[in-house]
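A short write-up of the structure that comes next.
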Number of protein chains: 2
Amino acid sequence: MEKVTMKDVAKEAGVSYTTVSHVINGTRFVKPETEKRVQDALEKLDYRPNSVARSLRIGSTKTIGLIVPDASNLFFAEISRKIEDLGFKLGYSVILGNSDNDSKKQTNYINTLIAKQVDGVIFIATGGDVEVLESLHKNNIPVVIADRDVPLEFADVVLLDNETAGYEATKHLLDLGHKCIACITGPNYLSSSSKRVIGYKRALKEFGIPVNPELVRSSNFRFDGGMSTMTDLLESDCKPTAVFVLNDMMAIGAMAAIRKAGMSIPEDFSIVGFDDIELSSITTPPLTTIAQPFDNLAKQTIELLVGRIQGDCGDDHKRIILSAELIERESTSEKGNR
Amino acid sequence: MEKVTMKDVAKEAGVSYTTVSHVINGTRFVKPETEKRVQDALEKLDYRPNSVARSLRIGSTKTIGLIVPDASNLFFAEISRKIEDLGFKLGYSVILGNSDNDSKKQTNYINTLIAKQVDGVIFIATGGDVEVLESLHKNNIPVVIADRDVPLEFADVVLLDNETAGYEATKHLLDLGHKCIACITGPNYLSSSSKRVIGYKRALKEFGIPVNPELVRSSNFRFDGGMSTMTDLLESDCKPTAVFVLNDMMAIGAMAAIRKAGMSIPEDFSIVGFDDIELSSITTPPLTTIAQPFDNLAKQTIELLVGRIQGDCGDDHKRIILSAELIERESTSEKGNR
DNA sequence: CTGAAAGCGCTTACAG
DNA sequence: CTGAAAGCGCTTACAG
């Protein structure tokens with residue numbers, strides 16, 4: 001069970017290992033008869049290419065790094081999954097890293113990705129500093145930033161049009177006659193959160209409704225945060241009749257809080273979420289939400305990255321902005337419909 | 001921005017690159033003064049080690065492969081996340097692959113993992129054939145099988161004691177006075193499903209209740225499957241008052257079906273799930289379930305693998321069986337408590 | 001149509 | 001206390 005290398009195959013087939021390499025890679029003509037001998041030897045010895053050696057020689061590992069805040073979060077889990085799928089189809093393996101909110105961990109990851117000579121990196125920012133990405137750039141490793149904007153000149157970016165999406169979600173509620181609409185946001189330093197809030201405010205303004213800061217609460221994008229923030233909101237003075245929650249995880253938490261307070265959805269209270277994770281279609285009632293274009297996001301991101309890897313080194317860095325769509329389900333209804 | 005190698009550092013510091021290597025790795029004594037010069041050069045040139053070259057030389061990549069059925073499933077997402085975390089702490093990067101139910105894809109993955117010279121593989125089986133794993137073994141790559149048993153002599157295995165867990169879940173329902181208890185299973189070819197069913201039957205027998213095959217339905221471990229199977233069950237002749245659902249995803253779907261049928265949980269119907277994914281504590285009502293020892297599962301798995309990698313080549317392959325715990329929440333109550 | 005040889009960037013005996 | 005050199009397993013000009 002010793003490692004079998006090209007040398008062994010060459011000896012077995014009675015050719016030089018140059019030839020073996022060429023038949024494996026189909027990279028120059030080989031006399032059919034010779035080729036057959038090599039193929040037989042390959043099979044007989046169950047030869048396995050060593051891509052570490054190959055990578056060292058050709059300077060490319062066919063591996064990309066994917067850094068996400070937390071892959072056990074359903075939203076990132078779905079994105080990672082799709083990126084991994086598409087990447088594999090394009091011939092790339094993915095090394096996955098969870099950054100949490102730990103910028104030290106983030107730095108460690110980036111450093112090992114550089115050491116491992118990944119061909120490119122897809123980065124979904126957590127908070128923390130982002131200067132580490134600089135070193136990727138210095139090492140000529142292309143980076144594409146997905147989902148959460150980050151002020152970096154040297155990277156391509158694929159984002160959702162969060163502002164418009166926030167506007168649409170809020171407008172849906174306004175169109176239903178709601179006037180007192182709360183908003184549960186994510187962490188304010190995330191562009192994906194703050195932009196949605198801008199959309200929310202714009203819709204309100206358009207309907208001539210002043211923004212009540214009491215109704216806009218910042219939370220953590222997680223179930224528990226949605227639940228506790230909604231509870232606070234319901235206990236406060238201003239009695240909203242609807243809420244726009246900036247992701248589905250929190251929205252599901254908020255639904256639990258609303259029910260716990262003895263209200264029915266959507267009869268007493270309307271709620272719209274954001275993301276359209278798989279779960280959202282089967283809550284009770286099914287959640288009206290903004291659907292992230294998961295497939296398209298993954299596709300654009302990986303294609304952009306692979307394009308860069310394959311040498312599209314235009315210095316004009318691209319910003320791709322995708323649009324999201326409102327999915328009306330049963331968690332929203334007209335105000336007064338009680 | 002040319003790649004800086006040890007040679008460049010050596011030249012800058014005026015030493016041989018042997019010495020550079022030794023100061024980087026701390027692998028032999030170097031005169032403090034010389035060392036300082038090297039350190040300065042390292043810093044000045046912002047040297048980055050190339051672990052591809054290193055790997056080729058030392059025959060180890062410090063990378064492991066993790067193959068899961070579907071990382072967008074919350075259960076695998078949580079496990080992957082933990083394995084990734086612990087692995088990173090031990091100095092290993094992880095390449096993630098989703099096998100789906102596609103044995104061709106599984107084979108492809110295994111082959112690229114071999115080519116990439118991973119140091120080891122953690123494998124969570126989907127259906128499909130498993131002989132591909134054979135080739136890992138032939139290439140001296142240790143494998144540990146997690147969560148789903150697979151009949152393979154050369155791999156270590158870390159499993160849950162599914163039978164006992166299934167017994168406990170069912171007994172809980174029986175202790176509450178339920179006599180007509182349905183069971184929604186996963187695919188039958190998965191040991192994690194079939195063993196839990198054995199536990200379910202054992203508990204029934206112990207309470208002198210015959211197993212009604214009508215009450216045992218096989219489904220797909222997903223939300224939608226739980227929902228539709230539960231709907232069928234409620235429309236059938238035998239009217240159960242409780243159900244043991246073999247994972248939380250399906251249990252959440254089943255809860256939706258029960259509510260849709262106009263019944264309250266737990267007043268009219270009791271339900272116990274399995275896994276204790278994060279979500280289960282915030283459903284309405286919070287789900288009584290069997291808690292998977294996620295942390296321990298990840299920990300044992302990675303430690304076993306790293307042990308093998310580091311040369312513990314005992315031929316006695318280990319089977320580690322972990323136990324699960326019933327978490328009583330609010331989805332179960334005494335029968336007749338309506 | 002095929003081979004001999006250099007070299008990718010490291011580590012590590014061997015030698016002094 | 002430090003260096004010269006071999007070699008990990010490949011790819012790819014160069015040569016014939």
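Chain labels A, B, ... are given in the sequence in which chains occur in the structure tokens; within each chain residues are numbered consecutively from 1, and ligands are likewise numbered from 1 in the order shown.
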
May I have chain B as a CSV table (one decimal) with C-alpha atoms, in the first residue's frame, after a least-squares superposition on chain A that uses all C-alpha atoms paired in order?
```csv
chain,number,residue,atom,x,y,z
B,1,MET,CA,0.0,0.0,0.0
B,2,GLU,CA,2.8,2.3,-0.8
B,3,LYS,CA,1.9,5.5,-2.5
B,4,VAL,CA,2.0,5.0,-6.3
B,5,THR,CA,3.4,7.9,-8.2
B,6,MET,CA,3.8,8.7,-11.9
B,7,LYS,CA,7.2,7.1,-11.8
B,8,ASP,CA,5.7,3.8,-10.8
B,9,VAL,CA,3.2,4.1,-13.6
B,10,ALA,CA,5.9,5.0,-16.1
B,11,LYS,CA,8.0,2.0,-15.1
B,12,GLU,CA,5.0,-0.3,-15.4
B,13,ALA,CA,4.1,1.0,-18.8
B,14,GLY,CA,7.7,1.3,-20.0
B,15,VAL,CA,7.6,5.0,-20.9
B,16,SER,CA,8.9,8.2,-19.4
B,17,TYR,CA,6.9,9.9,-16.8
B,18,THR,CA,6.6,12.9,-19.1
B,19,THR,CA,4.4,10.7,-21.2
B,20,VAL,CA,2.4,9.6,-18.3
B,21,SER,CA,1.7,13.2,-17.3
B,22,HIS,CA,0.7,13.9,-20.9
B,23,VAL,CA,-1.8,11.1,-21.1
B,24,ILE,CA,-3.3,11.9,-17.8
B,25,ASN,CA,-3.8,15.5,-18.7
B,26,GLY,CA,-4.5,15.0,-22.4
B,27,THR,CA,-1.9,17.6,-23.0
B,28,ARG,CA,-0.1,16.4,-26.1
B,29,PHE,CA,-0.5,13.7,-28.7
B,30,VAL,CA,0.5,10.2,-27.6
B,31,LYS,CA,0.5,7.2,-30.0
B,32,PRO,CA,-2.7,5.3,-29.3
B,33,GLU,CA,-0.7,2.1,-28.6
B,34,THR,CA,1.5,3.9,-26.0
B,35,GLU,CA,-1.5,5.6,-24.5
B,36,LYS,CA,-3.2,2.3,-24.0
B,37,ARG,CA,-0.2,0.9,-22.2
B,38,VAL,CA,-0.2,3.9,-19.9
B,39,GLN,CA,-4.0,3.7,-19.3
B,40,ASP,CA,-3.6,0.0,-18.4
B,41,ALA,CA,-0.8,0.8,-16.0
B,42,LEU,CA,-2.8,3.6,-14.4
B,43,GLU,CA,-5.7,1.3,-13.8
B,44,LYS,CA,-3.6,-1.7,-12.7
B,45,LEU,CA,-1.8,0.4,-10.1
B,46,ASP,CA,-4.9,2.4,-9.1
B,47,TYR,CA,-2.9,5.6,-9.6
B,48,ARG,CA,-4.1,8.7,-7.8
B,49,PRO,CA,-2.9,12.1,-8.8
B,50,ASN,CA,-1.3,14.1,-6.1
B,51,SER,CA,-2.7,17.5,-6.5
B,52,VAL,CA,-0.5,19.0,-3.8
B,53,ALA,CA,2.5,18.4,-6.0
B,54,ARG,CA,0.5,19.6,-9.0
B,55,SER,CA,-0.5,22.7,-7.1
B,56,LEU,CA,3.0,23.6,-6.1
B,57,ARG,CA,4.1,23.3,-9.7
B,58,ILE,CA,1.3,25.2,-11.4
B,59,GLY,CA,0.7,27.7,-8.7
B,60,SER,CA,-3.0,27.0,-8.3
B,61,THR,CA,-4.9,24.8,-5.8
B,62,LYS,CA,-8.4,24.8,-7.2
B,63,THR,CA,-9.5,25.6,-3.7
B,64,ILE,CA,-11.4,28.6,-2.4
B,65,GLY,CA,-11.9,29.8,1.1
B,66,LEU,CA,-15.4,30.7,2.3
B,67,ILE,CA,-15.6,32.8,5.5
B,68,VAL,CA,-19.0,33.2,7.0
B,69,PRO,CA,-20.0,34.5,10.4
B,70,ASP,CA,-21.7,31.4,11.5
B,71,ALA,CA,-22.6,28.4,9.4
B,72,SER,CA,-25.1,27.0,11.9
B,73,ASN,CA,-27.3,30.0,11.2
B,74,LEU,CA,-29.8,28.8,8.6
B,75,PHE,CA,-29.2,31.8,6.3
B,76,PHE,CA,-25.5,31.3,6.0
B,77,ALA,CA,-26.0,27.5,5.9
B,78,GLU,CA,-28.1,27.9,2.8
B,79,ILE,CA,-25.7,30.3,1.1
B,80,SER,CA,-22.6,28.2,2.0
B,81,ARG,CA,-24.3,25.1,0.7
B,82,LYS,CA,-25.1,26.7,-2.7
B,83,ILE,CA,-21.7,28.2,-3.0
B,84,GLU,CA,-20.1,24.8,-2.2
B,85,ASP,CA,-22.3,23.1,-4.8
B,86,LEU,CA,-21.6,25.6,-7.6
B,87,GLY,CA,-17.9,25.7,-6.7
B,88,PHE,CA,-17.6,22.0,-6.9
B,89,LYS,CA,-19.2,22.0,-10.3
B,90,LEU,CA,-16.7,24.5,-11.5
B,91,GLY,CA,-13.9,22.3,-10.1
B,92,TYR,CA,-13.2,24.1,-6.9
B,93,SER,CA,-13.2,22.7,-3.4
B,94,VAL,CA,-14.1,25.0,-0.5
B,95,ILE,CA,-12.5,25.4,2.8
B,96,LEU,CA,-15.1,26.7,5.2
B,97,GLY,CA,-14.4,29.0,8.1
B,98,ASN,CA,-16.7,30.5,10.8
B,99,SER,CA,-15.5,33.9,12.0
B,100,ASP,CA,-18.1,34.6,14.7
B,101,ASN,CA,-17.5,38.0,15.9
B,102,ASP,CA,-14.0,37.2,16.6
B,103,SER,CA,-11.6,39.3,14.6
B,104,LYS,CA,-8.6,37.3,15.9
B,105,LYS,CA,-10.2,34.2,14.6
B,106,GLN,CA,-10.9,35.9,11.3
B,107,THR,CA,-7.2,36.9,11.0
B,108,ASN,CA,-6.1,33.4,11.8
B,109,TYR,CA,-8.4,32.0,9.0
B,110,ILE,CA,-7.1,34.5,6.5
B,111,ASN,CA,-3.6,33.6,7.3
B,112,THR,CA,-4.1,29.9,6.9
B,113,LEU,CA,-6.0,30.5,3.7
B,114,ILE,CA,-3.0,32.4,2.4
B,115,ALA,CA,-0.6,29.7,3.6
B,116,LYS,CA,-2.8,27.1,1.9
B,117,GLN,CA,-2.6,29.1,-1.3
B,118,VAL,CA,-6.3,29.2,-2.0
B,119,ASP,CA,-7.1,30.6,-5.4
B,120,GLY,CA,-9.7,33.0,-4.1
B,121,VAL,CA,-11.8,33.9,-1.1
B,122,ILE,CA,-15.5,34.6,-0.6
B,123,PHE,CA,-16.1,36.7,2.4
B,124,ILE,CA,-19.2,37.4,4.4
B,125,ALA,CA,-18.3,40.0,7.0
B,126,THR,CA,-19.0,39.8,10.6
B,127,GLY,CA,-18.3,42.9,12.6
B,128,GLY,CA,-14.7,43.4,13.6
B,129,ASP,CA,-12.0,44.9,11.5
B,130,VAL,CA,-11.6,44.0,8.0
B,131,GLU,CA,-8.1,45.2,7.3
B,132,VAL,CA,-6.9,41.6,7.4
B,133,LEU,CA,-8.4,41.2,3.9
B,134,GLU,CA,-5.6,43.5,2.8
B,135,SER,CA,-3.1,40.7,3.1
B,136,LEU,CA,-5.1,38.6,0.7
B,137,HIS,CA,-4.9,41.4,-1.8
B,138,LYS,CA,-1.1,41.7,-1.2
B,139,ASN,CA,-0.8,38.1,-2.0
B,140,ASN,CA,-2.8,38.4,-5.2
B,141,ILE,CA,-5.7,36.4,-3.9
B,142,PRO,CA,-8.9,37.7,-5.3
B,143,VAL,CA,-11.7,38.3,-2.8
B,144,VAL,CA,-15.4,38.8,-3.4
B,145,ILE,CA,-17.5,40.2,-0.6
B,146,ALA,CA,-21.0,38.8,-0.4
B,147,ASP,CA,-24.2,39.9,1.4
B,148,ARG,CA,-22.7,42.4,3.7
B,149,ASP,CA,-21.0,45.5,2.3
B,150,VAL,CA,-17.6,46.4,3.4
B,151,PRO,CA,-15.6,49.4,2.4
B,152,LEU,CA,-12.8,47.9,0.4
B,153,GLU,CA,-11.6,49.2,-2.9
B,154,PHE,CA,-10.0,46.0,-4.1
B,155,ALA,CA,-12.8,43.6,-3.9
B,156,ASP,CA,-15.8,42.8,-5.9
B,157,VAL,CA,-19.1,42.9,-4.1
B,158,VAL,CA,-22.4,41.1,-4.5
B,159,LEU,CA,-25.2,42.6,-2.5
B,160,LEU,CA,-28.9,42.7,-2.2
B,161,ASP,CA,-30.7,46.0,-2.8
B,162,ASN,CA,-31.6,46.1,0.9
B,163,GLU,CA,-33.0,49.6,0.8
B,164,THR,CA,-35.6,48.8,-1.8
B,165,ALA,CA,-36.4,45.6,-0.1
B,166,GLY,CA,-37.0,47.3,3.2
B,167,TYR,CA,-39.1,49.9,1.4
B,168,GLU,CA,-41.3,47.2,-0.2
B,169,ALA,CA,-41.8,45.3,3.0
B,170,THR,CA,-42.9,48.4,4.8
B,171,LYS,CA,-45.1,49.6,1.9
B,172,HIS,CA,-46.9,46.3,1.9
B,173,LEU,CA,-47.8,46.9,5.5
B,174,LEU,CA,-48.8,50.5,4.8
B,175,ASP,CA,-50.9,49.4,1.9
B,176,LEU,CA,-52.8,47.2,4.2
B,177,GLY,CA,-53.7,50.2,6.3
B,178,HIS,CA,-51.2,49.9,9.1
B,179,LYS,CA,-50.0,53.2,10.5
B,180,CYS,CA,-48.1,52.2,13.6
B,181,ILE,CA,-45.4,49.9,12.3
B,182,ALA,CA,-42.5,48.7,14.4
B,183,CYS,CA,-39.2,47.6,13.1
B,184,ILE,CA,-36.8,45.1,14.6
B,185,THR,CA,-33.4,45.5,13.1
B,186,GLY,CA,-30.1,43.6,13.3
B,187,PRO,CA,-26.9,45.1,14.6
B,188,ASN,CA,-26.6,48.6,13.3
B,189,TYR,CA,-23.1,48.3,12.0
B,190,LEU,CA,-24.2,45.8,9.4
B,191,SER,CA,-25.1,47.4,6.1
B,192,SER,CA,-27.7,44.7,5.4
B,193,SER,CA,-29.5,46.0,8.5
B,194,SER,CA,-29.1,49.7,8.2
B,195,LYS,CA,-30.1,49.8,4.6
B,196,ARG,CA,-33.3,48.0,5.2
B,197,VAL,CA,-34.1,50.6,7.9
B,198,ILE,CA,-33.5,53.4,5.4
B,199,GLY,CA,-36.1,51.7,3.2
B,200,TYR,CA,-38.5,51.4,6.1
B,201,LYS,CA,-38.2,55.1,6.8
B,202,ARG,CA,-38.6,56.1,3.2
B,203,ALA,CA,-41.8,54.2,2.9
B,204,LEU,CA,-43.2,55.8,6.1
B,205,LYS,CA,-42.3,59.2,4.9
B,206,GLU,CA,-44.0,58.6,1.6
B,207,PHE,CA,-47.2,57.8,3.5
B,208,GLY,CA,-46.8,60.9,5.6
B,209,ILE,CA,-46.1,59.0,8.8
B,210,PRO,CA,-43.4,60.3,11.1
B,211,VAL,CA,-40.8,57.8,12.2
B,212,ASN,CA,-41.2,57.0,15.9
B,213,PRO,CA,-37.8,56.0,17.3
B,214,GLU,CA,-39.4,54.1,20.0
B,215,LEU,CA,-40.7,51.7,17.4
B,216,VAL,CA,-37.3,50.9,15.9
B,217,ARG,CA,-35.4,48.4,18.0
B,218,SER,CA,-32.1,46.9,17.3
B,219,SER,CA,-31.5,43.2,18.0
B,220,ASN,CA,-29.2,40.4,17.1
B,221,PHE,CA,-30.6,38.5,14.0
B,222,ARG,CA,-31.4,35.5,16.2
B,223,PHE,CA,-34.5,33.7,17.4
B,224,ASP,CA,-34.1,34.7,21.0
B,225,GLY,CA,-33.4,38.4,20.1
B,226,GLY,CA,-36.6,38.5,18.0
B,227,MET,CA,-38.6,37.1,20.9
B,228,SER,CA,-37.3,39.4,23.6
B,229,THR,CA,-37.3,42.5,21.5
B,230,MET,CA,-40.9,41.9,20.4
B,231,THR,CA,-41.9,41.4,24.0
B,232,ASP,CA,-40.4,44.7,24.9
B,233,LEU,CA,-42.1,46.4,22.0
B,234,LEU,CA,-45.5,45.0,23.1
B,235,GLU,CA,-45.1,46.2,26.6
B,236,SER,CA,-44.1,49.7,25.6
B,237,ASP,CA,-46.5,52.7,25.3
B,238,CYS,CA,-46.8,53.0,21.6
B,239,LYS,CA,-49.0,50.1,20.5
B,240,PRO,CA,-47.9,49.0,17.0
B,241,THR,CA,-50.3,46.9,14.9
B,242,ALA,CA,-47.6,45.5,12.7
B,243,VAL,CA,-43.9,44.9,12.6
B,244,PHE,CA,-41.2,44.6,10.0
B,245,VAL,CA,-38.6,42.2,11.2
B,246,LEU,CA,-35.3,42.3,9.4
B,247,ASN,CA,-34.7,38.6,9.3
B,248,ASP,CA,-36.9,35.5,9.5
B,249,MET,CA,-35.1,34.0,12.5
B,250,MET,CA,-36.0,37.0,14.6
B,251,ALA,CA,-39.5,37.1,12.9
B,252,ILE,CA,-40.1,33.6,14.1
B,253,GLY,CA,-39.1,34.6,17.6
B,254,ALA,CA,-41.3,37.6,17.4
B,255,MET,CA,-44.3,35.5,16.3
B,256,ALA,CA,-43.8,33.4,19.5
B,257,ALA,CA,-43.8,36.6,21.6
B,258,ILE,CA,-46.9,38.0,19.9
B,259,ARG,CA,-48.8,34.7,20.5
B,260,LYS,CA,-47.6,34.7,24.1
B,261,ALA,CA,-49.1,38.1,24.5
B,262,GLY,CA,-52.4,36.6,23.6
B,263,MET,CA,-52.7,38.1,20.1
B,264,SER,CA,-53.4,36.2,16.9
B,265,ILE,CA,-51.5,36.6,13.7
B,266,PRO,CA,-52.6,38.2,11.4
B,267,GLU,CA,-55.9,39.1,12.9
B,268,ASP,CA,-54.5,41.2,15.7
B,269,PHE,CA,-51.0,41.8,14.5
B,270,SER,CA,-49.2,41.7,11.1
B,271,ILE,CA,-45.7,40.7,10.7
B,272,VAL,CA,-43.3,40.6,7.7
B,273,GLY,CA,-39.9,39.0,7.8
B,274,PHE,CA,-36.8,38.9,5.6
B,275,ASP,CA,-34.8,36.2,4.0
B,276,ASP,CA,-37.4,33.5,3.2
B,277,ILE,CA,-35.4,30.7,4.8
B,278,GLU,CA,-36.9,27.3,4.2
B,279,LEU,CA,-38.6,27.3,7.6
B,280,SER,CA,-40.6,30.4,6.9
B,281,SER,CA,-43.1,28.7,4.7
B,282,ILE,CA,-44.2,26.3,7.4
B,283,THR,CA,-44.6,28.5,10.4
B,284,THR,CA,-48.1,29.0,11.7
B,285,PRO,CA,-49.2,31.1,10.0
B,286,PRO,CA,-46.8,31.0,7.1
B,287,LEU,CA,-44.7,34.1,7.1
B,288,THR,CA,-44.9,36.9,4.7
B,289,THR,CA,-41.4,37.8,3.9
B,290,ILE,CA,-38.8,39.2,1.5
B,291,ALA,CA,-37.2,36.4,-0.4
B,292,GLN,CA,-33.4,36.5,-0.7
B,293,PRO,CA,-32.3,35.4,-4.1
B,294,PHE,CA,-30.2,32.7,-2.6
B,295,ASP,CA,-29.4,30.9,-5.8
B,296,ASN,CA,-28.6,34.0,-7.7
B,297,LEU,CA,-26.5,35.4,-4.9
B,298,ALA,CA,-24.4,32.2,-4.8
B,299,LYS,CA,-24.2,32.1,-8.5
B,300,GLN,CA,-23.1,35.6,-9.1
B,301,THR,CA,-20.6,35.4,-6.2
B,302,ILE,CA,-18.9,32.3,-7.3
B,303,GLU,CA,-18.9,33.3,-11.0
B,304,LEU,CA,-17.4,36.6,-10.2
B,305,LEU,CA,-14.7,35.0,-8.1
B,306,VAL,CA,-13.9,32.3,-10.7
B,307,GLY,CA,-13.7,35.0,-13.3
B,308,ARG,CA,-11.1,36.8,-11.3
B,309,ILE,CA,-9.2,33.7,-10.6
B,310,GLN,CA,-9.1,32.9,-14.3
B,311,GLY,CA,-7.4,36.2,-14.9
B,312,ASP,CA,-10.0,38.8,-15.5
B,313,CYS,CA,-8.0,41.4,-13.7
B,314,GLY,CA,-9.8,44.5,-14.7
B,315,ASP,CA,-9.1,47.1,-12.0
B,316,ASP,CA,-12.7,48.2,-12.2
B,317,HIS,CA,-14.2,46.4,-9.3
B,318,LYS,CA,-17.7,45.3,-9.8
B,319,ARG,CA,-20.7,45.9,-7.5
B,320,ILE,CA,-23.6,43.6,-8.3
B,321,ILE,CA,-26.8,44.5,-6.7
B,322,LEU,CA,-29.6,42.0,-6.7
B,323,SER,CA,-33.2,42.6,-6.0
B,324,ALA,CA,-35.4,40.8,-3.6
B,325,GLU,CA,-39.1,39.9,-3.9
B,326,LEU,CA,-41.9,40.1,-1.4
B,327,ILE,CA,-43.6,36.8,-0.8
B,328,GLU,CA,-47.1,37.3,0.5
B,329,ARG,CA,-48.2,34.5,2.8
B,330,GLU,CA,-50.5,34.6,5.8
B,331,SER,CA,-48.9,36.6,8.5
B,332,THR,CA,-50.2,40.0,7.3
B,333,SER,CA,-53.7,41.3,6.8
B,334,GLU,CA,-55.5,44.5,6.7
B,335,LYS,CA,-55.6,46.6,9.8
B,336,GLY,CA,-59.0,46.6,11.4
B,337,ASN,CA,-59.6,43.1,10.2
B,338,ARG,CA,-60.0,41.9,13.7
```

Q: Using DSSP on the backbone coordinates, identify the residues of range 56-288 of chain B assigned to helix (DSSP H, G or I); present them as a VMD selection string.
A: chain B and resid 56 to 58 74 to 89 103 to 115 133 to 138 162 to 175 191 to 206 213 to 215 223 to 235 248 to 260 278 to 281

Q.
Just list as an MDAnalysis selection string whatever in range 105-250 of chain A DSSP marks as strand (DSSP E).
A. chainID A and resid 120:123 143:146 156:160 181:185 216:218 242:245

Go ahead and dump the residues you just picked, N, CA and C atoms, as a short mmCIF file (atom, residue, chain, number, x, y, z; two decimals), in the first residue's frame.
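Produced file again-v9.cif, reproduced below:
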```
data_model
loop_
_atom_site.label_atom_id
_atom_site.label_comp_id
_atom_site.auth_asym_id
_atom_site.auth_seq_id
_atom_site.Cartn_x
_atom_site.Cartn_y
_atom_site.Cartn_z
N GLY A 120 -8.84 31.84 -4.25
CA GLY A 120 -9.70 33.00 -4.05
C GLY A 120 -10.47 32.85 -2.76
N VAL A 121 -11.11 33.94 -2.33
CA VAL A 121 -11.83 33.92 -1.07
C VAL A 121 -13.19 34.61 -1.24
N ILE A 122 -14.20 33.97 -0.67
CA ILE A 122 -15.51 34.61 -0.57
C ILE A 122 -15.71 34.98 0.88
N PHE A 123 -16.09 36.21 1.08
CA PHE A 123 -16.08 36.73 2.44
C PHE A 123 -17.43 37.33 2.79
N VAL A 143 -10.72 38.46 -3.88
CA VAL A 143 -11.74 38.36 -2.83
C VAL A 143 -13.06 38.85 -3.38
N VAL A 144 -14.13 38.14 -3.12
CA VAL A 144 -15.42 38.78 -3.35
C VAL A 144 -16.22 38.78 -2.07
N ILE A 145 -16.76 39.96 -1.82
CA ILE A 145 -17.53 40.21 -0.62
C ILE A 145 -18.99 39.93 -0.96
N ALA A 146 -19.64 39.14 -0.12
CA ALA A 146 -21.04 38.84 -0.40
C ALA A 146 -21.93 39.28 0.76
N ASP A 156 -14.53 42.79 -5.33
CA ASP A 156 -15.84 42.81 -5.94
C ASP A 156 -16.87 42.58 -4.84
N VAL A 157 -18.07 42.95 -5.13
CA VAL A 157 -19.10 42.90 -4.12
C VAL A 157 -20.42 42.43 -4.75
N VAL A 158 -21.09 41.50 -4.07
CA VAL A 158 -22.42 41.09 -4.52
C VAL A 158 -23.39 41.30 -3.37
N LEU A 159 -24.32 42.21 -3.57
CA LEU A 159 -25.21 42.58 -2.49
C LEU A 159 -26.65 42.53 -2.94
N LEU A 160 -27.51 42.54 -1.92
CA LEU A 160 -28.93 42.70 -2.18
C LEU A 160 -29.22 44.20 -2.18
N ILE A 181 -46.20 51.02 12.69
CA ILE A 181 -45.43 49.84 12.27
C ILE A 181 -44.06 49.83 12.94
N ALA A 182 -43.83 48.82 13.72
CA ALA A 182 -42.53 48.71 14.39
C ALA A 182 -41.51 48.08 13.45
N CYS A 183 -40.26 48.13 13.86
CA CYS A 183 -39.19 47.55 13.06
C CYS A 183 -38.15 46.95 13.99
N ILE A 184 -37.87 45.68 13.81
CA ILE A 184 -36.81 45.05 14.61
C ILE A 184 -35.61 44.83 13.69
N THR A 185 -34.53 45.48 14.02
CA THR A 185 -33.36 45.48 13.13
C THR A 185 -32.29 44.52 13.62
N VAL A 216 -38.41 51.51 16.62
CA VAL A 216 -37.30 50.90 15.90
C VAL A 216 -36.30 50.35 16.91
N ARG A 217 -36.23 49.02 16.98
CA ARG A 217 -35.36 48.41 17.99
C ARG A 217 -34.30 47.54 17.34
N SER A 218 -33.12 47.67 17.86
CA SER A 218 -32.03 46.89 17.31
C SER A 218 -31.88 45.57 18.06
N ALA A 242 -48.34 46.28 13.61
CA ALA A 242 -47.59 45.48 12.65
C ALA A 242 -46.10 45.67 12.91
N VAL A 243 -45.33 44.73 12.42
CA VAL A 243 -43.88 44.85 12.59
C VAL A 243 -43.16 44.32 11.35
N PHE A 244 -42.12 45.02 11.00
CA PHE A 244 -41.23 44.56 9.95
C PHE A 244 -39.96 44.07 10.65
N VAL A 245 -39.68 42.78 10.53
CA VAL A 245 -38.54 42.19 11.23
C VAL A 245 -37.47 41.88 10.19
#
```

With only C-alpha atoms (C1' of nucleotides) counted and 12 Å as the cut-off, give the residues of chain C in contact with chain B, each with its shortest interatomic distance in Å and the pair that gives it, as JSON lines.
```
{"residue": "C:DC8", "atom": "C1'", "partner": "B:Ala53", "partner_atom": "CA", "distance": 7.9}
{"residue": "C:DG9", "atom": "C1'", "partner": "B:Ala53", "partner_atom": "CA", "distance": 5.0}
{"residue": "C:DC10", "atom": "C1'", "partner": "B:Arg54", "partner_atom": "CA", "distance": 4.9}
{"residue": "C:DT11", "atom": "C1'", "partner": "B:Arg57", "partner_atom": "CA", "distance": 6.4}
{"residue": "C:DT12", "atom": "C1'", "partner": "B:Thr18", "partner_atom": "CA", "distance": 9.0}
```

Please identify all polymer residues within 10 Å of DA15 in chain D, counting only C-alpha atoms (C1' of nucleotides), omitting same-chain residues fewer than 2 positions from it, and present them as a compact mmCIF listing (two decimals) with C-alpha atoms (C1' of nucleotides), in the first residue's frame.
```txt
# COMPACT_ATOMS: atom_id res chain seq x y z
C1' DG C 3 12.32 11.79 -23.17
C1' DA C 4 15.78 14.11 -19.97
C1' DA D 13 9.82 24.22 -21.90
```
